[in-house]
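Undergrad: Dumping the structure here so I can ask a few things about it.
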Amino acid sequence: MGILRTLDVDEVLERQDSSELKRRLRGRDLVGFGVGIIIGTGIFTLAGVEAKHHAGPAVTLSFVIGAVVAGLAALCYAELASSVPTAGSAYTYAFATLGEVFAWIIGWDLLLEFALGAAVVSRGWSGYLANLMGLPPELFGEDATVNIGAVLIIAVLTVVAVTGIRQSALFTNVLVLVKVAVCVLILAIGVFFISGANLTPFIPPAQPPSDGKDVLHQPVVQAGLGLEQSVYGIAGMVTAAAIVFFAYTGFEALANLGEETRNPRKDLRVGILGALGVCALLYIGVSLVLTGMVPFVNIDEGAPLAAAFDSVGMHWIGALISLGAVTGLTSVMMVELVTIGRIGFAMGRDGLLPKALGTAHPRWGTPHRMTIGGATLIALLAAFVPITELSDMVSIGALSAMIIVAIAVPVLRKRRPDLPRPFTVPFSPVLPILAALACLYLMLNLDVLTWIRFAAWLALGLVIYFGYGRRHSRLAAKDRQEGTSAPGDR
């Protein structure tokens with residue numbers, strides 16, 4: 001079938017040499033990008049929200065669960081990224097192993113993940129800026145009808161992303177230093193304000209949700225098994241893990257920089273695994289400090305860490321945290337804008353999106369059209385849609401992408417056993433299968449409404465694929481030229 005045609009891996013590798021993108025990134029730049037995109041709203045905002053609504057102090061264990069699942073997926077990404085370094089990452093891996101329609105689904109899925117992720121972070125950025133500078137809540141933060149702060153920061157960062165990858169990397173690395181310093185400060189000072197009473201019981205007993213949510217807001221696994229709705233307990237901890245998994249998303253963005261890395265076969269795997277390990281340790285430590293400082297029912301949802309230090313009289317620390325959050329979240333948005341441009345560039349180059357999106361700026365060497373188009377969508381989402389509704393969609397998008405990447409590892413090994421692999425996933429295919437199942441289980445702990453929205457997004461994507469991408473695909477044109485296309489493609 002035409003929809004299952006695959007890219008030739010050798011062709012993917014050959015076109016790296018003629019890529020319009022500029023190879024300007026070194027290993028330290030990738031680590032900076034990795035930490036820059038991973039540490040963001042997940043720790044500065046989402047940890048407090050999930051502790052309050054789903055897990056209590058056990059949100060720390062939620063971050064541990066998320067780290068384990070993300071680590072399994074990261075091993076799969078590291079093997080594919082070091083073997084087939086390309087601008088499309090998971091999209092291209094799926095194209096070379098599972099077929100064109102799966103590549104489209106994963107590409108469409110990744111666009112959803114990073115666009116919504118940038119929108120979530122921009123709203124968190126706006127809230128912390130308002131906390132730091134006393135800005136009007138009707139224009140900044142979650143209570144704003146139109147979040148002007150979120151729109152403005154997206155506009156500024158789009159200019160940086162379009163003008164060059166090297167500029168983006170330098171800007172990101174500076175912000176990362178500030179962000180990591182703030183996280184270390186939180187751990188070093190906050191540990192002295194931890195109260196054992198706030199951490200007891202560590203896993204609060206399960207109870208019905210206080211706001212009486214309907215079945216659409218119930219985790220799929222609970223709804224499917226006919227279980228009574230509940231929060232906290234083991235089920236609440238796993239639900240929180242599925243949502244805070246959003247905090248680990250982003251390491252896969254590094255795989256999209258393969259065509260702009262000087263030594264991709266070495267540096268990509270170091271960047272992916274190293275950045276994820278550092279961030280997991282910081283997440284676990286900071287979430288433990290947060291829930292130890294403040295009773296989880298009293299956690300502030302807008303700026304939880306800053307408010308926690310304010311509550312113990314450390315107002316200057318709260319101000320520094322707000323400053324660190326503003327700079328740190330800026331780096332996340334920066335990397336997500338860069339990533340969206342590269343995914344759209346790869347899809348446009350293959351003809352699944354308009355080919356104009358698959359071209360780079362003649363001077364700056366960046367996919368400027370896709371970056372600007374993606375930023376426009378992000379700004380609209382950031383202006384009107386609350387954080388909680390966006391973050392669940394980011395998690396389901398990231399988890400579904402990781403399932404396909406995990407499957408691609410053993411498939412590519414079988415199809416191309418001769419392909420050089422600088423890094424290999426141990427115990428394949430067992431570990432990739434385990435990674436896929438773990439991601440699926442976390443997906444099932446997201447609520448029914450999130451699944452409905454996700455299904456609607458995929459349905460829209462398939463309409464676009466069958467209406468445009470399937471006929472305009474570069475492989476379809478090649479089939480027609482060679483007279484070997486399937487009957488459905490003629």
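Simple scheme: letters A, B, ... for chains in structure tokens order, numbers from 1 for residues in each chain, numbers from 1 for ligands in the order shown.
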Within 8 Å of Leu431 (chain A), counting only C-alpha atoms, which residues show up once you throw out same-chain ones fewer than 5 positions away? Write them as a ChimeraX atom specification, please.
TA: /A:72,425-426
Undergrad: Report as an MDAnalysis selection string: the residues of region 348-398 of chain A with a DSSP assignment of helix (DSSP H, G or I), based on the backbone of this structure.
TA: chainID A and resid 348:349 355:358 368:384 387:398
Undergrad: Quick one: contact table of region 251-350 of chain A to region 131-140 of chain A, 8 Å max, nearest atom pair and distance in Å to one decimal per residue, counting only C-alpha atoms, chain and number order, as a tab-separated table?
TA:
residue	atom	partner	partner_atom	distance
A:Ala303	CA	A:Asn131	CA	7.3
A:Ala319	CA	A:Leu132	CA	6.0
A:Ser322	CA	A:Leu132	CA	5.6
A:Leu323	CA	A:Leu132	CA	6.8
Undergrad: May I have the selected residues written with C-alpha atoms, as a PDB file, in the first residue's frame?
TA:
ATOM      1  CA  ALA A 303       3.885  30.203  41.638  1.00  0.00           C
ATOM      2  CA  ALA A 319      11.959  36.689  44.425  1.00  0.00           C
ATOM      3  CA  SER A 322      10.532  33.930  40.340  1.00  0.00           C
ATOM      4  CA  LEU A 323      13.538  35.368  38.489  1.00  0.00           C
TER       5      LEU A 323
END
Undergrad: Considering only C-alpha atoms, can you say which of A:Leu449, A:Ile43, A:Ala401, A:Ile153 comes closest to Ala306 (chain A)?
TA: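 For Ala306 (chain A), the nearest of the given residues is A:Ile43.
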Undergrad: For a test of reading the model, state the distance in Å between CA of Lys52 (chain A) and CA of Val312 (chain A), rounded to one decimal.
TA: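 Atom-to-atom, CA of Lys52 (chain A) to CA of Val312 (chain A), that is 18.6 Å.
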Undergrad: Considering only C-alpha atoms, can you say which of A:Gly341, A:Gly328, A:Gly66, A:Gly224 comes closest to Trp125 (chain A)?
TA: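 That would be A:Gly328, the residue with the smallest distance to Trp125 (chain A).
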Undergrad: To one decimal in Å, tell me the separation between CA of Ile403 (chain A) and CA of Leu112 (chain A).
TA: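 Separation of CA of Ile403 (chain A) and CA of Leu112 (chain A): 15.7 Å.
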Undergrad: I want to know what sits within 6 Å of Ala103 (chain A), based on only C-alpha atoms, with residues of the same chain fewer than 6 positions away left out; could you give that as JSON, numbers by chain?
TA: {"A": [91, 94, 95]}
Undergrad: Go through A:Ile37, A:Ala150, A:Leu175, A:Leu4 one by one, measure the shortest atom-to-atom distance of each to Arg123 (chain A) using only C-alpha atoms, and give the residue with the smallest value.
TA: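 Of A:Ile37, A:Ala150, A:Leu175, A:Leu4, the one nearest Arg123 (chain A) is A:Ala150, counting only C-alpha atoms.
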Undergrad: Can you list every residue of region 302-378 of chain A that has an atom at most 12 Å from region 462-473 of chain A, with its nearest atom pair and the distance in Å to one decimal, using only C-alpha atoms, ordered by chain then number, as CSV?
TA:
residue,atom,partner,partner_atom,distance
A:Ala346,CA,A:Ser473,CA,11.8
A:Met347,CA,A:Ser473,CA,9.2
A:Gly348,CA,A:Ser473,CA,9.0
A:Arg349,CA,A:Ser473,CA,9.1
A:Asp350,CA,A:Ser473,CA,5.9
A:Gly351,CA,A:Ser473,CA,4.2
A:Leu352,CA,A:Gly469,CA,4.0
A:Leu353,CA,A:Gly469,CA,6.2
A:Pro354,CA,A:His472,CA,8.3
A:Lys355,CA,A:His472,CA,9.1
Undergrad: Using only C-alpha atoms, which protein or nucleic acid residues come within 6 Å of region 407-421 of chain A? Drop anything in the same chain fewer than 2 positions from it, and give the result as a compact mmCIF listing (two decimals) with C-alpha atoms, in the first residue's frame.
TA:
# COMPACT_ATOMS: atom_id res chain seq x y z
CA SER A 83 22.42 5.83 14.01
CA THR A 97 10.77 1.68 9.61
CA ILE A 404 6.42 4.52 18.11
CA VAL A 405 10.11 5.28 18.70
CA PHE A 423 24.93 3.38 20.87
CA PRO A 429 13.76 -6.12 21.93
Undergrad: Name the residues in contact with region 238-241 of chain A at a cut-off of 10 Å, using only C-alpha atoms, excluding same-chain residues fewer than 6 positions from it; report them as a VMD selection string.
TA: chain A and resid 46 to 47 49 to 51 53 to 56 58 to 67 69 218 to 219 221 231 to 232 247 395 441 to 447
Undergrad: Skipping near chain neighbours, those fewer than 3 positions away, what residues fall within 10 Å of Pro422 (chain A) using only C-alpha atoms, listed as a ChimeraX atom specification?
TA: /A:78-83,265-266,269,419
Undergrad: Please, could you write that set of residues out with C-alpha atoms as a CSV table (one decimal), in the first residue's frame?
TA:
chain,number,residue,atom,x,y,z
A,78,ALA,CA,19.7,7.6,21.8
A,79,GLU,CA,20.1,4.5,19.6
A,80,LEU,CA,18.1,5.9,16.7
A,81,ALA,CA,19.5,9.5,17.0
A,82,SER,CA,23.1,8.2,16.9
A,83,SER,CA,22.4,5.8,14.0
A,265,ARG,CA,26.9,10.1,16.3
A,266,LYS,CA,28.8,10.9,19.6
A,269,ARG,CA,23.5,10.2,22.8
A,419,LEU,CA,23.7,-0.1,10.0
Undergrad: Taking 3 positions as the minimum chain separation for residues in the same chain, which residues sit within 9 Å of Thr45 (chain A) when counting only C-alpha atoms? Answer as a PyMOL selection string.
TA: chain A and resi 40-42+48-49+124+301-305
Undergrad: Report the distance between CA of Lys179 (chain A) and CA of Ala130 (chain A) in Å, rounded to one decimal place.
TA: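 These two atoms are separated by 18.0 Å.
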Undergrad: Looking at A:Gly313, A:Gly71, A:Gly190, A:Gly32, which one is nearest to Cys439 (chain A), with distances taken over only C-alpha atoms?
TA: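 Of A:Gly313, A:Gly71, A:Gly190, A:Gly32, the one nearest Cys439 (chain A) is A:Gly71, counting only C-alpha atoms.
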Undergrad: Can you work out which one of A:Ala181, A:Ala308, A:Val174, A:Val244 has the shortest atom-to-atom distance to Ile284 (chain A), counting only C-alpha atoms?
TA: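 Nearest candidate to Ile284 (chain A) out of A:Ala181, A:Ala308, A:Val174, A:Val244: A:Val244.
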Undergrad: For the structure I just gave you, how does DSSP split region 172-346 of chain A - specifically, which residues are strand (DSSP E or B)? Reply as a list in words.
TA: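 Selecting the strand (DSSP E or B) positions of region 172-346 of chain A gives Gln207, Pro219, Val231 and Thr261 of chain A.
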